[in-house]
Structures are given as C-alpha cells and as structure tokens.
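Heads up, the thing below is written out as structure tokens.
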Amino acid sequence: MQGHEDTYKPNGAFGKWMDERLPIMRLLHGQVVDFPTPRNLNYLWTFGGILTFCLVAQIVTGIVLAMHYVPSADAAFDSVQHIKRDVNYGWLMQSLHAVGASMFFVAVYIHIFRGLYYGSYKAPREVLWILGVFIFLAMMATGFLGYTLPWGQMSFWGVTVITNLFSSVDEVIPGLGTLIVTWLWGGYSVGGATLNRFYSLHYLLPFVIFGLVALHIWALHVTGQNNPTGLEVKSKSDTVPMSPFAVTKDLFALAVFLILYAWFVFFAPDYLGHADNYIPANPLVTPAHIVPEWYFLPFYAILRAIPSKLGGVIAMFSAVAILAFVPWLDWSRTRSAKYRPMFKWFFWLFAFTCLALGYLGAMPAEGSYVTWSRIFTAYYFMFFILVLPIIGLIETPSPTPNSISEAVLGGDHGGGGHASSDAAVAEPEKR
Amino acid sequence: MLKTRTTMARSALAVVAALAFSTNSALAEGDHIVIKRNTWSFGAMFGQYDKNQLQRGFQVYRDVCSSCHGLNRIAFRNLAQPGGPEFPEAAVKALAKEYEVKQPPNDDGEVVLGPAKLSDYFPPLYENENAARATHNGALPPDLSLIAKARSVAYSGSWYAHPYSMVKDILSSYQEGGADYLVALLSGYSTPTAYVRDDKGHLKPAGDKTGDGVVQCISVVHGEHGKPDVCNKLAEGMNYNKSFVGHQIAMANPFDGHEPDSPRVIYQDGTKPTIENYAKDVAAFLSWASDPSLNGRKQTGWLVLVYLLITSVLLYVAKRRIWSGVKH
C-alpha cells in the first residue's frame with residue numbers, strides 16, 4: 001500500500017524545520033492517518049490494535065512488578081505476596097499482568113483464527129503471516145517463563161514437566177537431551193538458578209516480541225490489509241483513510257475488550273489461574289494434576305495424545321510450526337472462506353477441534369480422554385496436511401464480487417469492473 | 001427478559017446435572033464429593049467482607065486453629081486496617097503484646113523475645129517443618145495465610161455441562177471455592193459408613209444394623225469379575241472426613257467436644273455458637289487473610305467498569321457518526 005496519497009502538512013515553524021531533517025511525523029502521518037484501509041473490515045480486524053495494546057500493557061505492568069519482585073527460590077513467592085499485600089496498588093499491577101497474559105492470548109487466538117478464515121496468509125502476505133507465527137511462538141515462551149516466576153507449586157511442576165520434555169532427545173542422540181535439560185535448569189534439578197535465568201529471559205523476550213511486531217506491522221503496511229471478501233484493493237473507493245475511520249472503530253473495540261479484561265482483573269482475578277499456585281513450590285510434593293495455563297492446553301493435549309515421549313514433543317512443536325507453512329499448504333485460489341462453501345465446514349470443525357483439545361488438555365490423561373485427544377490431534381494435523389491442499393483443489397468457490405466497492409455498495413460501483421475477478425484470487429503462485 | 005433467560009439456563013443446567021448424576025452413580029461409592037456453595041457477603045460483584053464475621057472468624061482462628069496452624073503473612077496491623085476485621089487499634093496493640101516475637105539484636109548481640117508490636121507478624125509456631133511434623137505425628141499443619149486461595153472446588157459434573165458451568169462462574173464472578181471448601185472440610189467430620197457383606201461378597205450399607213459382620217469403610221472398591229468388594233478402613237491416627245479427598249485426614253475434628261450448652265468458642269455478639277457458624281466465620285476470616293485487598297478491589301472495579309461502559313458508548317456513538325456517510 002505504498003505510494004498512497006500524502007496529506008501531511010507540517011505544523012508551524014518547528015514542524016517544517018523537523019520535516020526537512022527527520023520526517024518522522026510525515027512517516028507516522030502516512031502510516032496511521034492516511035493509510036488506506038479496506039472499507040469493509042469487520043470487528044475481527046480490530047484485534048491487531050487490541051494486541052498492540054496488550055503488549056504495551058504487559059510491558060508497562062511488568063516493569064512495575066519487576067521493581068518489587070525478587071527472583072530467588074527463597075524469596076520469589078513471598079515477594080509476589082508482598083506486592084499483592086503491601087505495595088501500593090500492587091494487587092492491581094499483579095492482577096493486570098497475570099490476567100493480561102490471558103487476555104493477550106484470547107486476542108491472539110481470535111486474530112489467528114480470523115487470518116485462517118479469511119485467508120490472510122495467502123500471497124502476498126506470507127511473510128506477514130510467518131512473522132505472526134514467530135510472534136505467537138515468542139508469546140508462548142514468554143507466557144511459560146512468566147508463569148514460573150511466582151514460584152508456586154504449579155510454577156515449579158510446570159517447569160519440571162516441560163523442561164523434562166527435552167530429555168526425550170536422548171532417544172535420538174544419547175546424552176544430548178540430558179545435556180539440554182541440565183543447561184536449561186542451570187543445574188541438576190529445577191531450582192534457584194532456573195528461576196533466575198527464566199526471569200532474565202522473561203524480561204528479554206517481550207522486547208523481541210516488540211521488534212517482531214514492528215516488522216509485522218511494517219509488512220502489513222506494505223501489502224495492505226486483507227478484508228472479509230479477500231479481494232485486493234483496486235481503487236480508491238475500496239478504502240477509507242485509517243484515521244478517523246479505522247481508528248475510531250479500533251478504539252471502540254478496545255474499550256469493549258477492556259471491559260472483559262477489567263471484569264477478570266477486579267472480580268475474578270483467580271479464575272484463570274490455579275489454586276495450587278498459592279502453595280509455595282515444594283520439590284518433595286507433586287500436585288495431583290499438573291496442568292499448564294489454559295492457553296497451552298490444546299498443545300498439552302497433543303503432547304499427551306502421542307504414546308511416545310519424543311513423538312509427543314515433536315507433535316506439540318509441530319502443531320505450532322505447521323502454521324508457518326499454511327501459505328503453501330492451502331492450494332485454493334480463493335482467499336476468503338466467505339466464498340468457500342466446503343472449506344467453511346472444515347474450518348469450523350478445526351475451530352471446534354482446538355476447543356476440544358483445550359478441554360482435554362485440562363483433563364487427566366486416562367480412559368476416553370486419551371482416545372478423544374488422539375482423534376482430535378489427528379484432525380488437527382489433517383486440517384493442515386490434507387484439508388487445506390485437497391479442498392483447495394476440489395472445491396468450486398461461489399462467485400466473488402468484482403471489487404470491495406461492489407461487495408459493499410452493490411451494482412456496478414465496482415472499481416475496475418473487470419468481468420473476471422482476477423484480484424479475488426491470491427496472486428497465482430509461481431510453483 | 002434477563003430473568004427468563006436465567007431461568008431457562010437454570011432448567012437446562014438442572015436437566016444436564018440430572019443426566020450427569022445418573023451417569024456418575026455408577027462410580028465407586030464414597031468417591032463423589034460434592035462441596036456445597038455458600039452465600040458469602042464478599043461473594044459476587046458487590047460483595048464486601050462483613051467485619052463482624054471476620055472478627056468472629058479471627059476469634060475461632062485464635063481459640064481453635066492457632067494451636068496448630070500459623071498465620072505468618074498477617075501482621076497485627078492488618079487486623080486494624082480498613083477492609084479487614086477492623087478491630088480498634090488499641091485492642092490490636094493489646095493483643096500484639098500477648099505474643100512474643102524475636103526482637104532486633106540488643107547491644108550485646110543477643111536476640112531475645114519480647115512483646116510484639118503492630119508492625120510485627122504473627123510469630124511462626126514452629127522452628128521448621130521437621131519440628132512441626134514431629135509434634136503432629138508426621139503430619140504438617142499448613143500455614144493458613146493463603147489457605148483460602150490455595151484450595152478450590154473441582155468441577156464434578158459431566159463434560160457437556162462444563163462449558164455452561166464455566167460461563168456461569170465467570171459471569172457470577174465465583175471466587176469463593178476456597179471458602180466453600182473450608183466450610184465443607186470443617187463441618188465434614190463424621191464416622192465412616194457402616195457396611196455389611198452379602199453372600200456374593202458385595203458390601204451394602206448396614207443401615208441400623210450393628211454387631212458382627214458390620215465394618216466401617218472410608219471407601220469401597222467394587223470387586224470386578226466376581227471378586228469380593230474391598231473395604232478401605234480408616235488408618236491408625238487418622239480421622240474420617242466426608243469432604244476430604246480419600247476421606248481420611250490427619251487433622252482431628254477441631255470442634256471436637258463442642259456441645260450446644262458448652263460451646264467450643266463463645267461469641268460475644270450473640271451469633272449462635274454452632275459448628276456451621278464457626279466454619280463459615282473462620283472461612284470468611286481466612287478468605288480475608290488470603291485476599292486482604294478484596295474490598296478496595298471490588299469498589300475500584302465498579303468505578304472502572306462504569307468508566308469503561310460510558311467510554312464504550314461514547315466511542316460507539318463517535319464511530320457511528322464518523323462512518324455514517326460511508327457504506328461499509
């Protein structure tokens with residue numbers, strides 16, 4: 001979307017002086033005021049802005065918490081209690097940060113499913129999508145590291161279970177897995193050294209995410225946004241300037257999202273956590289059920305669905321990694337599921353599968369729970385490996401409008417008015 | 001409208017719950033623990049602690065629980081601060097003096113015990129974990145400062161009703177699982193069920209029968225393939241509690257010996273001295289101990305929600321007006 005109209009007029013003498021030396025205001029004006037956004041975006045497109053807010057909120061509350069938190073096996077648990085009991089508004093900061101992590105994942109999951117539904121990963125947005133997968137991975141790492149910091153029973157045993165997974169590498173190269181685990185722990189068991197390095201990394205990774213988000217937004221502003229029709233923008237009438245149109249819509253959506261956020265922060269701060277994490281870490285007592293945070297549950301279910309330890313680990317990591325290949329796995333030439341009658345069904349089945357896996361991840365790994373975990377794990381991967389390519393080949397998409405304007409306004413307000421909707425399809429890939 | 005919806009949701013839940021119950025009845029007897037939900041003054045969205053209840057709860061803690069359980073994260077000053085039991089400061093000062101805590105090293109470098117001040121914390125009851133276990137037959141009485149948050153009620157319905165239950169708990173901001181659990185535990189002491197063995201080897205509840213052949217079991221495991229049922233008996237030194245997982249607990253009934261005419265704790269404010277009230281009051285007190293900022297949190301929460309609601313409406317109106325000329 002480069003080369004759109006530039007309406008920036010520097011304000012006053014200083015503005016003109018600055019514009020000739022470092023045109024940063026011109027750059028920002030171009031990216032957040034003039035930037036053309038498709039006029040037909042629905043509220044699912046507001047989650048990009050919401051996610052940016054979440055990241056900033058996590059960094060700000062996190063920095064404040066870090067001023068009072070003590071990363072040591074002896075003092076970490078007590079320092080979190082100190083924050084909640086004695087630091088002025090510490091209970092608020094702690095709650096905002098802990099609930100904020102959950103809200104971040106709520107938003108990112110909606111964002112990812114929106115991308116999958118409307119084909120936002122297709123050419124020319126592959127790099128944009130892959131950057132998103134990296135952000136998701138970094139978020140998962142940060143969330144996991146952060147959950148260890150209160151050093152309660154679930155923190156301790158969660159780290160123990162997840163870091164121990166790497167010992168399965170021993171099945172391939174004997175000794176290497178143990179070496180990795182020792183290296184992760186900073187010793188021969190989960191302890192103070194582990195907590196210290198996890199704290200260090202938990203402070204580092206959000207800034208890595210910040211950098212990745214900058215690239216993600218940059219890539220977005222090069223290709224422009226996808227939209228519910230999946231049609232490329234063809235003419236000026238297809239778009240409205242970002243400000244005030246998209247901005248007011250984003251702000252309204254953010255305010256509604258904040259109501260949900262505030263609900264948990266003020267009225268149910270412990271709902272998304274686990275009671276066992278209010279018991280200080282004790283290496284000698286294993287909790288009855290070790291469960292990760294809710295946002296990892298689908299992946300935890302996949303891990304436990306595979307009978308072999310190494311296989312489970314590979315499946316769990318593949319479940320995230322496979323997202324990066326989606327742009328090349330989907331062979332459909334139509335972007336949006338709106339015009340893909342067959343794909344729609346498989347998409348909703350996939351969404352249900354993810355919810356089901358989340359539920360199964362929270363249940364004990366026994367009896368029919370395991371059977372169902374296996375069935376849903378199978379579909380999870382089948383969706384990517386079989387459904388995306390095959391449906392793309394055999395499905396007859398329903399007719400698409402000629403342009404976004406035509407889709408919105410009807411009749412022949414179409415941008416170019418071409419009979420064949422060449423922009424309705426993704427750029428044909430040069431296979 | 002809203003009311004009909006809740007009623008509908010309730011009846012749907014009831015149907016689902018009934019179905020769940022019918023499937024679960026096949027499980028081993030005694031394994032199904034249902035923790036009753038109580039009404040708490042500090043529950044739901046407008047809930048606040050009832051300072052009289054917290055004061056009574058503190059009395060129960062002090063007269064009963066404190067002989068074995070510490071309260072290490074609570075300072076004496078907390079008992080006087082707003083949003084808690086709000087005892088008068090003079091009373092708390094006098095109370096603190098009754099406790100001996102380690103004083104800062106004196107000029108000779110000796111650490112001696114002296115009366116506690118408002119800023120001191122409740123002194124630990126044991127030197128270390130081993131000392132605690134040694135005095136309690138190997139069992140460790142946990143510190144109670146966070147016990148209400150460290151316990152919860154596990155969902156026990158069927159899988160298909162689980163999502164409804166989750167949404168209901170979120171919307172009603174149910175956070176009192178720990179308190180409900182404590183009430184169930186403290187009033188859950190009784191004697192194990194008596195069983196008699198029939199000629200096929202199955203254990204059947206004995207009812208009023210006594211004498212030979214009657215066995216008391218904390219739980220029964222059904223024998224499969226014609227094998228006789230197994231009766232799990234209460235271990236030596238343990239106590240039967242119907243609300244505790246596994247039904248045997250090292251903690252003795254804290255209200256043992258309580259009689260209506262010689263109550264275990266004598267309330268000053270005319271509240272009936274019953275085990276149920278003791279359990280509820282101390283559970284409320286311990287809920288405060290684990291979450292002393294609840295009152296302020298919920299008050300702030302309403303301001304924040306009202307602010308956000310108004311902001312949302314204004315932003316929506318603004319958005320509507322800005323987009324009014326643009327078809328989208």
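Following the order of the structure tokens, chains are lettered A, B, ..., residues in each are numbered from 1, and ligands are numbered from 1.
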
Could you list, as a VMD selection string, every residue of chain B that has an atom within 6 Å of an atom of chain A, counting only C-alpha atoms? chain B and resid 149 to 151 173 297 to 298 301 312 315 to 316 319 328

For segment 216-227 of chain B, list every protein, DNA or RNA residue within 9 Å, evaluated using only C-alpha atoms, and leave out those in the same chain fewer than 3 positions away; present the list as a PDB file with N, CA and C atoms, in the first residue's frame.
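Output file out-v3.pdb follows:
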ATOM      1  N   ALA B  28     -17.640 -45.725  42.134  1.00  0.00           N
ATOM      2  CA  ALA B  28     -17.495 -46.306  43.464  1.00  0.00           C
ATOM      3  C   ALA B  28     -18.128 -45.386  44.502  1.00  0.00           C
ATOM      4  N   GLU B  29     -18.823 -45.996  45.450  1.00  0.00           N
ATOM      5  CA  GLU B  29     -19.486 -45.194  46.479  1.00  0.00           C
ATOM      6  C   GLU B  29     -18.449 -44.452  47.303  1.00  0.00           C
ATOM      7  N   GLY B  30     -18.820 -43.270  47.715  1.00  0.00           N
ATOM      8  CA  GLY B  30     -17.937 -42.525  48.614  1.00  0.00           C
ATOM      9  C   GLY B  30     -16.880 -41.733  47.884  1.00  0.00           C
ATOM     10  N   ASP B  31     -16.768 -41.906  46.554  1.00  0.00           N
ATOM     11  CA  ASP B  31     -15.754 -41.155  45.817  1.00  0.00           C
ATOM     12  C   ASP B  31     -16.273 -39.799  45.364  1.00  0.00           C
ATOM     13  N   THR B 191     -18.491 -40.219  61.217  1.00  0.00           N
ATOM     14  CA  THR B 191     -17.943 -41.576  61.307  1.00  0.00           C
ATOM     15  C   THR B 191     -18.090 -42.243  59.954  1.00  0.00           C
ATOM     16  N   PRO B 192     -17.158 -43.135  59.609  1.00  0.00           N
ATOM     17  CA  PRO B 192     -17.256 -43.807  58.312  1.00  0.00           C
ATOM     18  C   PRO B 192     -18.552 -44.605  58.214  1.00  0.00           C
ATOM     19  N   THR B 193     -19.029 -44.774  56.984  1.00  0.00           N
ATOM     20  CA  THR B 193     -20.251 -45.531  56.761  1.00  0.00           C
ATOM     21  C   THR B 193     -20.042 -46.993  57.160  1.00  0.00           C
ATOM     22  N   ALA B 194     -21.080 -47.568  57.797  1.00  0.00           N
ATOM     23  CA  ALA B 194     -21.021 -48.983  58.173  1.00  0.00           C
ATOM     24  C   ALA B 194     -21.580 -49.830  57.033  1.00  0.00           C
ATOM     25  N   TYR B 195     -20.918 -50.933  56.781  1.00  0.00           N
ATOM     26  CA  TYR B 195     -21.341 -51.823  55.699  1.00  0.00           C
ATOM     27  C   TYR B 195     -21.482 -53.245  56.231  1.00  0.00           C
ATOM     28  N   VAL B 196     -22.335 -54.007  55.583  1.00  0.00           N
ATOM     29  CA  VAL B 196     -22.342 -55.466  55.826  1.00  0.00           C
ATOM     30  C   VAL B 196     -22.089 -56.162  54.501  1.00  0.00           C
ATOM     31  N   LYS B 200     -22.647 -62.628  48.193  1.00  0.00           N
ATOM     32  CA  LYS B 200     -21.851 -62.543  46.959  1.00  0.00           C
ATOM     33  C   LYS B 200     -20.554 -61.780  47.180  1.00  0.00           C
ATOM     34  N   GLY B 201     -20.351 -61.304  48.398  1.00  0.00           N
ATOM     35  CA  GLY B 201     -19.121 -60.570  48.695  1.00  0.00           C
ATOM     36  C   GLY B 201     -19.251 -59.078  48.508  1.00  0.00           C
ATOM     37  N   HIS B 202     -20.459 -58.601  48.135  1.00  0.00           N
ATOM     38  CA  HIS B 202     -20.647 -57.160  47.966  1.00  0.00           C
ATOM     39  C   HIS B 202     -20.899 -56.492  49.302  1.00  0.00           C
ATOM     40  N   LEU B 203     -20.402 -55.288  49.438  1.00  0.00           N
ATOM     41  CA  LEU B 203     -20.627 -54.528  50.671  1.00  0.00           C
ATOM     42  C   LEU B 203     -21.873 -53.650  50.489  1.00  0.00           C
ATOM     43  N   VAL B 230     -13.708 -54.532  48.182  1.00  0.00           N
ATOM     44  CA  VAL B 230     -12.649 -54.237  49.150  1.00  0.00           C
ATOM     45  C   VAL B 230     -13.079 -53.048  50.004  1.00  0.00           C
ATOM     46  N   CYS B 231     -12.932 -53.211  51.327  1.00  0.00           N
ATOM     47  CA  CYS B 231     -13.291 -52.137  52.247  1.00  0.00           C
ATOM     48  C   CYS B 231     -12.019 -51.423  52.672  1.00  0.00           C
ATOM     49  N   ASN B 232     -11.903 -50.118  52.344  1.00  0.00           N
ATOM     50  CA  ASN B 232     -10.751 -49.345  52.815  1.00  0.00           C
ATOM     51  C   ASN B 232     -11.055 -48.826  54.209  1.00  0.00           C
ATOM     52  N   LYS B 233     -10.256 -49.285  55.175  1.00  0.00           N
ATOM     53  CA  LYS B 233     -10.512 -48.882  56.561  1.00  0.00           C
ATOM     54  C   LYS B 233      -9.688 -47.656  56.922  1.00  0.00           C
ATOM     55  N   LEU B 234     -10.178 -46.948  57.904  1.00  0.00           N
ATOM     56  CA  LEU B 234      -9.502 -45.750  58.385  1.00  0.00           C
ATOM     57  C   LEU B 234      -8.168 -46.140  59.015  1.00  0.00           C
ATOM     58  N   TYR B 240     -11.919 -39.510  59.955  1.00  0.00           N
ATOM     59  CA  TYR B 240     -12.801 -39.593  58.795  1.00  0.00           C
ATOM     60  C   TYR B 240     -13.417 -38.221  58.521  1.00  0.00           C
ATOM     61  N   ASN B 241     -13.335 -37.812  57.258  1.00  0.00           N
ATOM     62  CA  ASN B 241     -13.954 -36.554  56.860  1.00  0.00           C
ATOM     63  C   ASN B 241     -14.599 -36.763  55.502  1.00  0.00           C
ATOM     64  N   LYS B 242     -15.905 -36.507  55.433  1.00  0.00           N
ATOM     65  CA  LYS B 242     -16.610 -36.832  54.186  1.00  0.00           C
ATOM     66  C   LYS B 242     -16.262 -35.876  53.047  1.00  0.00           C
ATOM     67  N   GLY B 246     -10.232 -38.829  49.562  1.00  0.00           N
ATOM     68  CA  GLY B 246      -9.763 -40.054  50.199  1.00  0.00           C
ATOM     69  C   GLY B 246     -10.410 -40.278  51.558  1.00  0.00           C
ATOM     70  N   HIS B 247     -11.049 -39.256  52.073  1.00  0.00           N
ATOM     71  CA  HIS B 247     -11.842 -39.322  53.315  1.00  0.00           C
ATOM     72  C   HIS B 247     -11.068 -39.567  54.587  1.00  0.00           C
ATOM     73  N   GLN B 248      -9.742 -39.633  54.539  1.00  0.00           N
ATOM     74  CA  GLN B 248      -9.042 -39.663  55.825  1.00  0.00           C
ATOM     75  C   GLN B 248      -8.032 -38.539  55.904  1.00  0.00           C
TER      76      GLN B 248
END

Could you tell me how far atom CA of Ala289 of chain B sits from atom CA of Val291 of chain A, in Å to one decimal place?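 Computing it gives 26.3 Å between the two atoms.
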
As a list of chain:residue names, please: the residues near segment 207-224 of chain A (cut-off 8 Å, only C-alpha atoms, same-chain neighbours under 6 positions excluded).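 Residues near the query, excluding close chain neighbours: A:Met1, A:Gln2, A:Gln31, A:Phe35, A:Pro36, A:Thr37, A:Leu55, A:Pro124, A:Arg125, A:Val127, A:Leu128, A:Leu131, A:Gly132, A:Phe134, A:Ile135, A:Ala138, A:Met139.
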
Set the distance at 8 Å and use only C-alpha atoms: which residues neighbour Gln53 of chain B once local chain neighbours fewer than 6 positions away are removed? I'd like the list as a PyMOL selection string. chain B and resi 85+281+284-285

Quick one: residues within 12 Å of Leu310 of chain A, only C-alpha atoms, excluding same-chain residues fewer than 6 positions away - as a list of chain:residue names?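 Surrounding residues, per the criterion: A:Asn164, A:Leu165, A:Phe166, A:Ser167, A:Ser168, A:Val169, A:Asp170, A:Glu171, A:Val172, A:Ile173, A:Gly177, A:Leu303, A:Arg304, A:Met316, A:Phe317.
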
Mind writing the picked residues with C-alpha atoms as a PDB file, in the first residue's frame?
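This is the output file again32.pdb:
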ATOM      1  CA  ASN A 164      11.989 -32.522  31.159  1.00  0.00           C
ATOM      2  CA  LEU A 165      10.438 -32.971  27.719  1.00  0.00           C
ATOM      3  CA  PHE A 166      13.780 -32.089  26.202  1.00  0.00           C
ATOM      4  CA  SER A 167      15.322 -35.171  27.791  1.00  0.00           C
ATOM      5  CA  SER A 168      13.442 -37.154  25.133  1.00  0.00           C
ATOM      6  CA  VAL A 169      16.141 -36.016  22.704  1.00  0.00           C
ATOM      7  CA  ASP A 170      18.196 -38.743  24.437  1.00  0.00           C
ATOM      8  CA  GLU A 171      16.204 -41.233  22.363  1.00  0.00           C
ATOM      9  CA  VAL A 172      17.861 -39.842  19.232  1.00  0.00           C
ATOM     10  CA  ILE A 173      21.279 -38.776  20.465  1.00  0.00           C
ATOM     11  CA  GLY A 177      18.727 -34.450  25.890  1.00  0.00           C
ATOM     12  CA  LEU A 303       1.686 -33.762  23.703  1.00  0.00           C
ATOM     13  CA  ARG A 304      -0.097 -36.351  25.812  1.00  0.00           C
ATOM     14  CA  MET A 316       3.489 -30.480  20.133  1.00  0.00           C
ATOM     15  CA  PHE A 317       6.122 -28.313  18.487  1.00  0.00           C
TER      16      PHE A 317
END

Within 9 Å of Ala356 of chain A, counting only C-alpha atoms, which residues qualify if same-chain residues fewer than 6 places away don't, as a ChimeraX atom specification? /A:298,372-373,376
